[in-house]
file data_36.txt (compact mmCIF, C-alpha atoms and all ligand atoms)
# COMPACT_ATOMS: atom_id res chain seq x y z
CA MET A 1 62.29 39.69 -147.56
CA ALA A 2 60.79 37.17 -149.95
CA PRO A 3 58.74 34.29 -148.65
CA LEU A 4 60.84 31.12 -148.99
CA GLN A 5 58.97 28.18 -147.60
CA GLY A 6 61.18 26.05 -145.37
CA PHE A 7 63.64 28.93 -144.90
CA THR A 8 62.17 32.33 -144.00
CA GLU A 9 59.71 31.24 -141.33
CA ALA A 10 59.51 33.21 -138.08
CA GLU A 11 62.64 31.59 -136.58
CA PHE A 12 64.74 32.83 -139.49
CA ARG A 13 63.04 36.23 -139.61
CA ARG A 14 63.76 36.77 -135.90
CA ALA A 15 67.36 35.55 -136.02
CA TRP A 16 68.13 37.46 -139.23
CA SER A 17 66.78 40.73 -137.89
CA ARG A 18 68.90 40.48 -134.73
CA HIS A 19 72.11 40.58 -136.82
CA PHE A 20 71.34 42.32 -140.12
CA SER A 21 69.33 45.25 -141.44
CA GLY A 22 68.04 46.88 -144.62
CA ILE A 23 64.75 44.99 -144.94
CA HIS A 24 61.61 47.05 -144.42
CA GLN A 25 59.00 44.36 -144.76
CA MET A 26 58.88 40.57 -144.71
CA MET A 27 56.35 38.31 -146.40
CA SER A 28 55.55 35.05 -144.66
CA PRO A 29 55.81 31.78 -146.58
CA PHE A 30 52.33 30.71 -147.61
CA ILE A 31 49.64 29.46 -145.28
CA ALA A 32 47.67 26.89 -147.26
CA LEU A 33 43.90 27.06 -147.04
CA ALA A 34 42.86 23.84 -145.30
CA GLU A 35 41.15 21.04 -147.19
CA GLY A 36 38.44 20.81 -144.53
CA SER A 37 36.11 23.54 -143.40
CA ARG A 38 38.36 24.89 -140.64
CA PHE A 39 41.89 26.10 -140.81
CA ARG A 40 44.08 24.78 -138.09
CA GLN A 41 45.67 27.02 -135.49
CA GLN A 42 48.98 25.38 -136.38
CA HIS A 43 48.81 26.97 -139.84
CA LEU A 44 48.73 30.39 -138.25
CA ARG A 45 51.65 29.79 -135.91
CA ASP A 46 54.16 31.42 -138.22
CA VAL A 47 52.23 34.69 -138.30
CA LEU A 48 51.14 34.97 -134.66
CA PRO A 49 52.12 38.43 -133.38
CA GLU A 50 54.15 36.98 -130.50
CA ALA A 51 56.32 35.07 -133.00
CA ASN A 52 56.95 38.25 -134.99
CA ALA A 53 57.50 40.90 -132.34
CA GLY A 54 59.14 43.99 -133.79
CA LEU A 55 58.93 42.66 -137.37
CA SER A 56 56.79 44.09 -140.17
CA VAL A 57 55.20 41.03 -141.79
CA ILE A 58 52.62 40.50 -144.52
CA PRO A 59 51.02 37.06 -144.24
CA GLN A 60 50.61 35.08 -147.43
CA VAL A 61 47.83 32.64 -148.31
CA LEU A 62 47.73 29.88 -150.94
CA GLY A 63 44.48 28.44 -152.27
CA ASN A 64 41.53 29.05 -154.56
CA ASP A 65 38.51 28.85 -152.30
CA ALA A 66 37.03 32.33 -151.93
CA SER A 67 35.02 31.74 -148.75
CA LYS A 68 37.94 30.09 -146.95
CA PHE A 69 40.21 32.89 -148.08
CA VAL A 70 37.85 35.47 -146.60
CA LEU A 71 37.50 33.48 -143.37
CA LEU A 72 41.27 33.35 -142.98
CA ALA A 73 41.57 37.05 -143.78
CA HIS A 74 39.18 37.80 -140.90
CA ARG A 75 41.40 35.79 -138.58
CA LEU A 76 44.46 37.68 -139.86
CA GLN A 77 42.66 40.95 -139.22
CA GLU A 78 42.00 39.83 -135.63
CA LEU A 79 45.72 39.17 -135.32
CA GLY A 80 46.36 42.78 -136.31
CA TYR A 81 47.24 42.49 -140.00
CA ALA A 82 46.12 45.17 -142.46
CA THR A 83 47.10 43.33 -145.67
CA VAL A 84 47.03 39.74 -146.88
CA ASN A 85 49.02 38.49 -149.85
CA TRP A 86 47.60 35.90 -152.25
CA ASN A 87 50.12 33.43 -153.65
CA LEU A 88 49.66 33.11 -157.43
CA GLY A 89 53.24 32.07 -157.99
CA CYS A 90 53.81 28.66 -156.41
CA PRO A 91 55.01 26.38 -159.25
CA LYS A 92 54.84 22.99 -157.50
CA PRO A 93 53.05 20.58 -159.87
CA SER A 94 50.96 19.17 -156.98
CA VAL A 95 49.74 22.72 -156.25
CA ALA A 96 49.43 24.02 -159.82
CA ARG A 97 47.47 20.96 -160.96
CA LYS A 98 44.70 22.02 -158.58
CA LYS A 99 44.61 25.55 -160.10
CA ARG A 100 46.34 26.98 -157.09
CA GLY A 101 49.43 29.19 -157.04
CA SER A 102 50.75 29.73 -160.58
CA GLY A 103 48.33 27.01 -161.74
CA LEU A 104 45.56 29.62 -161.64
CA LEU A 105 47.32 31.97 -164.06
CA PRO A 106 46.18 30.33 -167.33
CA PHE A 107 42.55 30.87 -166.21
CA PRO A 108 41.99 34.65 -166.08
CA ASP A 109 38.20 34.24 -166.07
CA LEU A 110 38.34 32.01 -163.00
CA LEU A 111 40.72 34.51 -161.41
CA ARG A 112 38.18 37.29 -162.05
CA GLN A 113 35.41 35.18 -160.56
CA LEU A 114 37.47 34.59 -157.41
CA LEU A 115 38.44 38.26 -157.09
CA ASP A 116 34.75 39.24 -157.54
CA GLU A 117 33.92 37.04 -154.57
CA ILE A 118 36.92 37.79 -152.41
CA ILE A 119 37.44 41.55 -152.70
CA PRO A 120 34.01 42.83 -151.56
CA ALA A 121 34.11 40.48 -148.55
CA LEU A 122 37.71 41.10 -147.55
CA PRO A 123 38.17 43.00 -144.26
CA ILE A 124 41.79 43.94 -145.06
CA LYS A 125 43.76 44.95 -148.16
CA LEU A 126 44.81 42.46 -150.79
CA SER A 127 48.19 42.21 -152.46
CA ILE A 128 49.06 39.48 -154.97
CA LYS A 129 52.33 37.72 -155.72
CA THR A 130 52.34 36.53 -159.31
CA ARG A 131 54.45 35.04 -162.06
CA LEU A 132 54.06 36.06 -165.70
CA GLY A 133 52.09 32.92 -166.43
CA TYR A 134 52.12 29.19 -166.04
CA HIS A 135 52.81 27.79 -169.56
CA ASN A 136 53.72 30.99 -171.40
CA PRO A 137 54.87 34.47 -170.34
CA ASP A 138 52.38 36.07 -172.74
CA GLU A 139 49.64 35.01 -170.32
CA PHE A 140 50.73 38.10 -168.40
CA PHE A 141 49.09 40.52 -170.85
CA ASP A 142 45.61 39.20 -169.98
CA LEU A 143 46.54 38.96 -166.30
CA VAL A 144 47.51 42.64 -166.16
CA GLU A 145 44.03 43.53 -167.42
CA VAL A 146 42.48 41.42 -164.67
CA TYR A 147 44.72 42.89 -161.95
CA ASN A 148 43.98 46.43 -163.19
CA ASP A 149 40.25 45.93 -162.65
CA TYR A 150 40.59 45.36 -158.90
CA PRO A 151 41.83 47.45 -155.97
CA LEU A 152 45.10 45.82 -155.03
CA GLN A 153 47.48 47.12 -152.41
CA SER A 154 50.36 46.02 -154.65
CA LEU A 155 51.49 43.33 -157.04
CA VAL A 156 54.70 41.38 -156.46
CA ILE A 157 56.03 40.06 -159.78
CA HIS A 158 58.47 37.16 -160.18
CA PRO A 159 59.04 37.27 -163.95
CA ARG A 160 59.31 33.55 -164.57
CA ILE A 161 56.54 31.15 -165.57
CA GLY A 162 55.29 28.22 -163.49
CA VAL A 163 56.87 25.45 -165.56
CA GLN A 164 60.34 26.97 -165.01
CA MET A 165 60.15 26.43 -161.24
CA TYR A 166 63.00 28.69 -160.00
CA GLU A 167 65.47 28.10 -162.84
CA GLY A 168 66.25 29.50 -166.26
CA GLU A 169 66.15 33.02 -167.59
CA MET A 170 63.56 35.47 -166.34
CA TYR A 171 61.25 36.79 -169.11
CA LEU A 172 62.31 40.40 -168.73
CA GLU A 173 61.39 41.38 -172.29
CA THR A 174 57.81 40.35 -171.67
CA LEU A 175 57.84 42.27 -168.42
CA ASP A 176 59.26 45.31 -170.28
CA ALA A 177 56.37 45.14 -172.75
CA ALA A 178 53.62 44.67 -170.18
CA ILE A 179 54.64 46.69 -167.17
CA GLY A 180 53.66 50.10 -168.58
CA LYS A 181 50.03 48.92 -168.67
CA LEU A 182 49.93 47.99 -164.98
CA LYS A 183 48.04 50.49 -162.81
CA HIS A 184 49.21 49.21 -159.43
CA ASP A 185 52.28 49.73 -157.29
CA TRP A 186 54.52 46.76 -157.98
CA ILE A 187 57.47 45.00 -156.42
CA PHE A 188 60.14 43.10 -158.33
CA SER A 189 61.15 39.63 -157.12
CA GLY A 190 63.85 37.53 -158.76
CA ASP A 191 67.58 36.87 -158.98
CA ILE A 192 68.82 39.87 -157.00
CA THR A 193 72.08 38.41 -155.72
CA CYS A 194 74.32 41.46 -155.36
CA ARG A 195 74.31 45.24 -155.44
CA GLU A 196 75.18 45.23 -159.14
CA SER A 197 72.27 43.00 -160.18
CA PHE A 198 69.96 45.19 -158.07
CA LEU A 199 71.22 48.41 -159.70
CA ALA A 200 70.78 46.99 -163.21
CA LEU A 201 67.19 45.95 -162.45
CA ARG A 202 66.39 49.26 -160.78
CA LYS A 203 67.59 51.07 -163.89
CA ARG A 204 65.47 48.85 -166.12
CA TYR A 205 62.36 49.17 -163.93
CA PRO A 206 62.19 52.70 -162.55
CA THR A 207 58.45 52.28 -161.83
CA ALA A 208 58.99 49.45 -159.32
CA THR A 209 58.11 50.65 -155.83
CA GLY A 210 59.82 47.83 -153.98
CA TRP A 211 62.43 45.10 -154.30
CA MET A 212 62.17 41.66 -152.82
CA LEU A 213 65.24 39.69 -151.78
CA GLY A 214 65.02 35.90 -151.57
CA ARG A 215 67.72 33.34 -152.26
CA GLY A 216 70.26 36.15 -152.62
CA LEU A 217 69.66 37.10 -148.99
CA LEU A 218 70.29 33.53 -147.82
CA ALA A 219 73.54 33.42 -149.81
CA ASN A 220 74.52 36.84 -148.44
CA PRO A 221 72.58 37.98 -145.37
CA PHE A 222 74.30 41.39 -145.67
CA LEU A 223 72.75 41.93 -149.11
CA ALA A 224 70.00 44.33 -148.02
CA GLU A 225 72.51 46.57 -146.23
CA GLN A 226 75.05 46.43 -149.04
CA ILE A 227 72.55 47.49 -151.67
CA SER A 228 72.47 51.00 -150.25
CA LEU A 229 76.25 51.34 -149.79
CA PRO A 230 78.25 53.24 -152.45
CA ALA A 231 80.14 50.01 -153.25
CA THR A 232 80.22 46.39 -152.13
CA PRO A 233 82.97 45.89 -149.51
CA PRO A 234 85.33 42.92 -149.60
CA PRO A 235 84.43 40.23 -147.05
CA SER A 236 86.25 40.68 -143.74
CA GLU A 237 86.71 38.91 -140.41
CA THR A 238 84.05 41.24 -138.97
CA HIS A 239 81.59 39.84 -141.50
CA ARG A 240 82.62 36.34 -140.46
CA GLU A 241 82.01 37.08 -136.78
CA ILE A 242 78.53 38.40 -137.52
CA LEU A 243 77.72 35.39 -139.73
CA ILE A 244 78.84 33.00 -137.00
CA GLU A 245 76.72 34.74 -134.38
CA PHE A 246 73.73 34.71 -136.71
CA TYR A 247 74.25 31.03 -137.58
CA TYR A 248 74.23 29.86 -133.97
CA ASP A 249 71.33 32.15 -133.14
CA LEU A 250 69.35 30.59 -136.00
CA MET A 251 70.34 27.08 -134.88
CA GLN A 252 69.06 27.89 -131.40
CA GLU A 253 65.77 29.15 -132.84
CA LEU A 254 65.40 25.96 -134.89
CA MET A 255 66.19 23.76 -131.90
CA ASP A 256 63.51 25.49 -129.87
CA LYS A 257 60.99 24.21 -132.41
CA GLY A 258 61.26 20.74 -130.90
CA ARG A 259 62.27 18.73 -133.97
CA SER A 260 63.91 15.31 -133.68
CA SER A 261 67.69 15.41 -134.14
CA LEU A 262 67.33 13.76 -137.54
CA ALA A 263 64.78 16.33 -138.70
CA GLN A 264 67.04 18.99 -137.27
CA LEU A 265 69.93 17.69 -139.35
CA GLY A 266 67.79 17.72 -142.49
CA LYS A 267 66.83 21.32 -141.81
CA LYS A 268 70.48 22.31 -141.34
CA LYS A 269 71.37 20.69 -144.65
CA ASP A 270 68.60 22.65 -146.37
CA TYR A 271 70.03 25.90 -145.03
CA TRP A 272 73.57 24.92 -145.92
CA TRP A 273 72.59 24.63 -149.58
CA TYR A 274 72.51 28.42 -149.42
CA PHE A 275 74.92 29.10 -146.53
CA ALA A 276 77.70 27.18 -148.33
CA ARG A 277 77.70 30.15 -150.72
CA TRP A 278 79.09 32.37 -147.95
CA PHE A 279 82.41 30.62 -148.63
CA THR A 280 84.79 29.75 -151.43
CA ASP A 281 84.34 26.25 -152.91
CA ALA A 282 80.64 26.33 -152.04
CA ASP A 283 79.70 23.25 -154.03
CA GLN A 284 82.38 21.06 -152.40
CA ILE A 285 81.40 22.35 -148.96
CA PHE A 286 77.75 21.52 -149.50
CA HIS A 287 78.61 18.15 -150.98
CA ARG A 288 80.73 17.25 -147.96
CA LEU A 289 78.13 18.38 -145.44
CA SER A 290 75.26 16.69 -147.22
CA HIS A 291 76.99 13.31 -146.77
CA LEU A 292 77.41 13.68 -143.01
CA ASN A 293 74.59 11.84 -141.27
CA ASP A 294 75.87 11.99 -137.73
CA PRO A 295 74.63 15.23 -136.11
CA HIS A 296 77.84 15.69 -134.09
CA ALA A 297 80.11 15.16 -137.08
CA PHE A 298 77.93 17.58 -139.05
CA ASP A 299 78.13 20.28 -136.39
CA ALA A 300 81.89 19.86 -136.08
CA GLU A 301 82.37 20.22 -139.82
CA ALA A 302 79.99 23.20 -139.96
CA SER A 303 81.95 24.86 -137.17
CA ARG A 304 85.25 24.22 -138.98
CA ILE A 305 83.88 25.79 -142.15
CA LEU A 306 82.42 28.78 -140.32
CA THR A 307 85.70 29.59 -138.60
CA GLN A 308 88.27 28.59 -141.24
CA GLN A 309 86.92 28.55 -144.78
CA PRO A 310 87.68 31.78 -146.71
CA LEU A 311 84.60 33.93 -147.35
CA ALA A 312 83.55 34.27 -150.99
CA PRO A 313 83.42 37.76 -152.53
CA PHE A 314 79.88 39.08 -152.04
CA ALA A 315 79.25 39.80 -155.72
CA SER A 316 80.17 36.27 -156.80
CA ARG A 317 77.47 34.38 -154.93
CA LYS A 318 75.26 32.81 -157.54
CA VAL A 319 72.23 31.01 -156.16
CA ARG A 320 70.21 28.13 -157.42
CA SER A 321 67.11 26.77 -155.73
C1 LIG B 1 62.70 27.22 -151.60
C2 LIG B 1 61.77 28.30 -152.06
C3 LIG B 1 60.57 28.51 -151.39
C4 LIG B 1 59.68 29.51 -151.81
N1 LIG B 1 58.50 29.71 -151.13
C5 LIG B 1 57.65 30.69 -151.55
C6 LIG B 1 56.42 30.95 -150.84
O1 LIG B 1 56.07 30.33 -149.84
N2 LIG B 1 55.62 31.94 -151.34
C7 LIG B 1 55.96 32.68 -152.45
O2 LIG B 1 55.21 33.57 -152.84
N3 LIG B 1 57.12 32.48 -153.09
C8 LIG B 1 57.97 31.52 -152.66
N4 LIG B 1 59.15 31.35 -153.32
C9 LIG B 1 59.53 32.30 -154.39
C10 LIG B 1 60.35 33.46 -153.81
O3 LIG B 1 59.58 34.25 -152.92
C11 LIG B 1 60.89 34.39 -154.93
O4 LIG B 1 59.84 35.03 -155.59
C12 LIG B 1 61.75 33.61 -155.94
O5 LIG B 1 62.62 32.72 -155.29
C13 LIG B 1 62.57 34.56 -156.81
O6 LIG B 1 63.34 35.44 -156.05
P1 LIG B 1 64.88 35.17 -155.62
O7 LIG B 1 65.63 34.84 -156.89
O8 LIG B 1 65.27 36.47 -154.99
O9 LIG B 1 64.88 34.02 -154.68
C14 LIG B 1 60.02 30.33 -152.92
C15 LIG B 1 61.25 30.12 -153.59
C16 LIG B 1 62.12 29.13 -153.17
C17 LIG B 1 63.43 28.94 -153.91

call {"tool": "encode", "arguments": {"input": "data_36.txt", "output": "structure tokens"}}
result
Amino acid sequence: MAPLQGFTEAEFRRAWSRHFSGIHQMMSPFIALAEGSRFRQQHLRDVLPEANAGLSVIPQVLGNDASKFVLLAHRLQELGYATVNWNLGCPKPSVARKKRGSGLLPFPDLLRQLLDEIIPALPIKLSIKTRLGYHNPDEFFDLVEVYNDYPLQSLVIHPRIGVQMYEGEMYLETLDAAIGKLKHDWIFSGDITCRESFLALRKRYPTATGWMLGRGLLANPFLAEQISLPATPPPSETHREILIEFYYDLMQELMDKGRSSLAQLGKKKDYWWYFARWFTDADQIFHRLSHLNDPHAFDAEASRILTQQPLAPFASRKVRS
């Protein structure tokens, strides 16, 4: 399961895993290294063992301060984690401007300097989640050389560049040209929305050792299971029942977080951007829901959609961020 900040936090991971299967490991959305000298306990809440009972999770960290990174890794080790993932993919301009996330990718020398400081001091293994570059996918050729010089547990590759955010074509030709040079185990992340798109990517990248599902899993929570079936089934009323149970389970989890009802409504709308894709006429459904500002009216409309709207064929569920 890909880390999707605002979506795949512990509440979602727990609710999802009570109703669906096929995911072997989950990566937490990033924990940002604090501006001050201490990281706050609140930042760790999402990866506390009690919030992730029975789940296999790799915590992810965002930042570019080596000593804080190591300090946090020690805390993660105390919590029982054996691997930490470093986010070198986040494209947000406010993050990238500070040479964090994908904003670090155009500076391979700085990346080396940070890895030289971090790796010898790290008490647990390091994996990295990267894009091909920030401005240009050809940045990846230099980055592969850097990654090859360090002991990494694995590299997760989202083959876009920072300035694309989550849109536009992936640079698969660049990945084709560079991937043979990579010495590490690597995991593909990007645009897997159905069994067919997974099979095409698996054929193109036989050296990938893992496959990460993100937005596609929100648009079809059965995706991980369906990938290993001989064919994608048509959506049925049994699927609908499971989706409804999952939806209300997730809503309960989100309610337990103690948000105001307005914040709660905002959160539901965020999820419905993707959940609308469970159904036919997804764009109209989302449009209608997004204009409902009374929590009761929203819940009534959501319930009507969940029980009555025809399910969309699984292979047709395109996702946008
Ligand atoms: C809303 C959103 C939040 C994301 N948050 C994170 C994050 O916290 N850490 C990270 O490494 N990637 C994050 N990503 C990137 C995803 O993990 C993934 O690499 C990307 O969406 C491509 O895969 P997909 O097409 O399967 O979603 C995020 C993507 C989206 C759309």

call {"tool": "residues_around", "arguments": {"input": "data_36.txt", "residues": "range 149-156 of chain A", "least_positions_apart": "5", "cutoff": "10 Å", "atoms": "only C-alpha atoms", "output": "ChimeraX atom specification"}}
result
/A:2,83-89,112,115-116,119,124-131,144,182-189,208-212

call {"tool": "closest_residue", "arguments": {"input": "data_36.txt", "among": "A:Gly103, A:Gly168, A:Pro206, A:Gly266", "to": "His135 in chain A", "atoms": "all atoms listed in the file"}}
result
A:Gly103

call {"tool": "atom_distance", "arguments": {"input": "data_36.txt", "atom1": "CA of Ala82 in chain A", "atom2": "CA of Lys98 in chain A"}}
result
28.2 Å

call {"tool": "residues_around", "arguments": {"input": "data_36.txt", "residues": "Phe141 in chain A", "least_positions_apart": "4", "cutoff": "9 Å", "atoms": "all atoms listed in the file", "output": "JSON, numbers by chain"}}
result
{"A": [132, 137, 145, 174, 177, 178, 181]}

call {"tool": "residues_near_ligand", "arguments": {"input": "data_36.txt", "ligand": "ligand LIG 1 (chain B)", "cutoff": "6 Å", "atoms": "all atoms listed in the file", "output": "number ranges by chain"}}
result
A: 2-5, 29-30, 87, 89, 129, 158, 189-192, 213-216, 321

call {"tool": "decode", "arguments": {"input": "data_36.txt", "residues": "range 116-175 of chain A", "atoms": "C-alpha atoms", "output": "short mmCIF file (atom, residue, chain, number, x, y, z; two decimals), in the first residue's frame"}}
result
data_model
loop_
_atom_site.label_atom_id
_atom_site.label_comp_id
_atom_site.auth_asym_id
_atom_site.auth_seq_id
_atom_site.Cartn_x
_atom_site.Cartn_y
_atom_site.Cartn_z
CA ASP A 116 27.32 9.69 4.22
CA GLU A 117 26.08 11.15 7.50
CA ILE A 118 22.91 9.15 7.88
CA ILE A 119 23.84 5.60 6.89
CA PRO A 120 26.72 4.91 9.33
CA ALA A 121 24.63 6.28 12.22
CA LEU A 122 21.37 4.57 11.33
CA PRO A 123 20.28 1.81 13.74
CA ILE A 124 17.84 0.28 11.22
CA LYS A 125 17.76 -0.30 7.46
CA LEU A 126 17.10 2.47 4.99
CA SER A 127 14.82 2.34 1.99
CA ILE A 128 14.18 5.35 -0.26
CA LYS A 129 11.11 6.41 -2.22
CA THR A 130 12.18 8.48 -5.21
CA ARG A 131 10.99 10.09 -8.40
CA LEU A 132 13.14 10.21 -11.53
CA GLY A 133 14.06 13.81 -10.84
CA TYR A 134 12.63 17.19 -10.03
CA HIS A 135 13.00 19.26 -13.24
CA ASN A 136 14.05 16.55 -15.69
CA PRO A 137 13.80 12.74 -15.76
CA ASP A 138 17.43 12.49 -16.91
CA GLU A 139 18.42 13.49 -13.36
CA PHE A 140 17.76 9.83 -12.60
CA PHE A 141 20.95 8.62 -14.29
CA ASP A 142 23.12 10.46 -11.73
CA LEU A 143 20.76 9.47 -8.92
CA VAL A 144 21.10 5.76 -9.73
CA GLU A 145 24.87 6.11 -9.31
CA VAL A 146 24.37 7.71 -5.91
CA TYR A 147 21.85 5.07 -4.77
CA ASN A 148 24.16 2.28 -5.97
CA ASP A 149 26.95 3.50 -3.69
CA TYR A 150 24.96 2.94 -0.50
CA PRO A 151 23.41 -0.09 1.21
CA LEU A 152 19.70 0.40 0.72
CA GLN A 153 17.04 -2.09 1.72
CA SER A 154 15.14 -1.15 -1.44
CA LEU A 155 14.25 1.73 -3.71
CA VAL A 156 10.62 2.62 -4.45
CA ILE A 157 10.40 4.42 -7.80
CA HIS A 158 7.52 6.66 -8.92
CA PRO A 159 8.60 7.42 -12.49
CA ARG A 160 7.38 11.00 -12.68
CA ILE A 161 9.33 14.17 -11.94
CA GLY A 162 8.58 16.64 -9.16
CA VAL A 163 7.15 19.40 -11.34
CA GLN A 164 4.48 17.01 -12.68
CA MET A 165 2.93 16.55 -9.23
CA TYR A 166 0.76 13.43 -9.78
CA GLU A 167 -0.39 14.14 -13.34
CA GLY A 168 0.81 13.57 -16.88
CA GLU A 169 2.61 10.65 -18.45
CA MET A 170 5.13 8.66 -16.46
CA TYR A 171 8.65 8.72 -17.98
CA LEU A 172 8.80 4.99 -18.61
CA GLU A 173 11.36 5.26 -21.42
CA THR A 174 13.82 6.91 -19.07
CA LEU A 175 13.11 4.24 -16.49
#
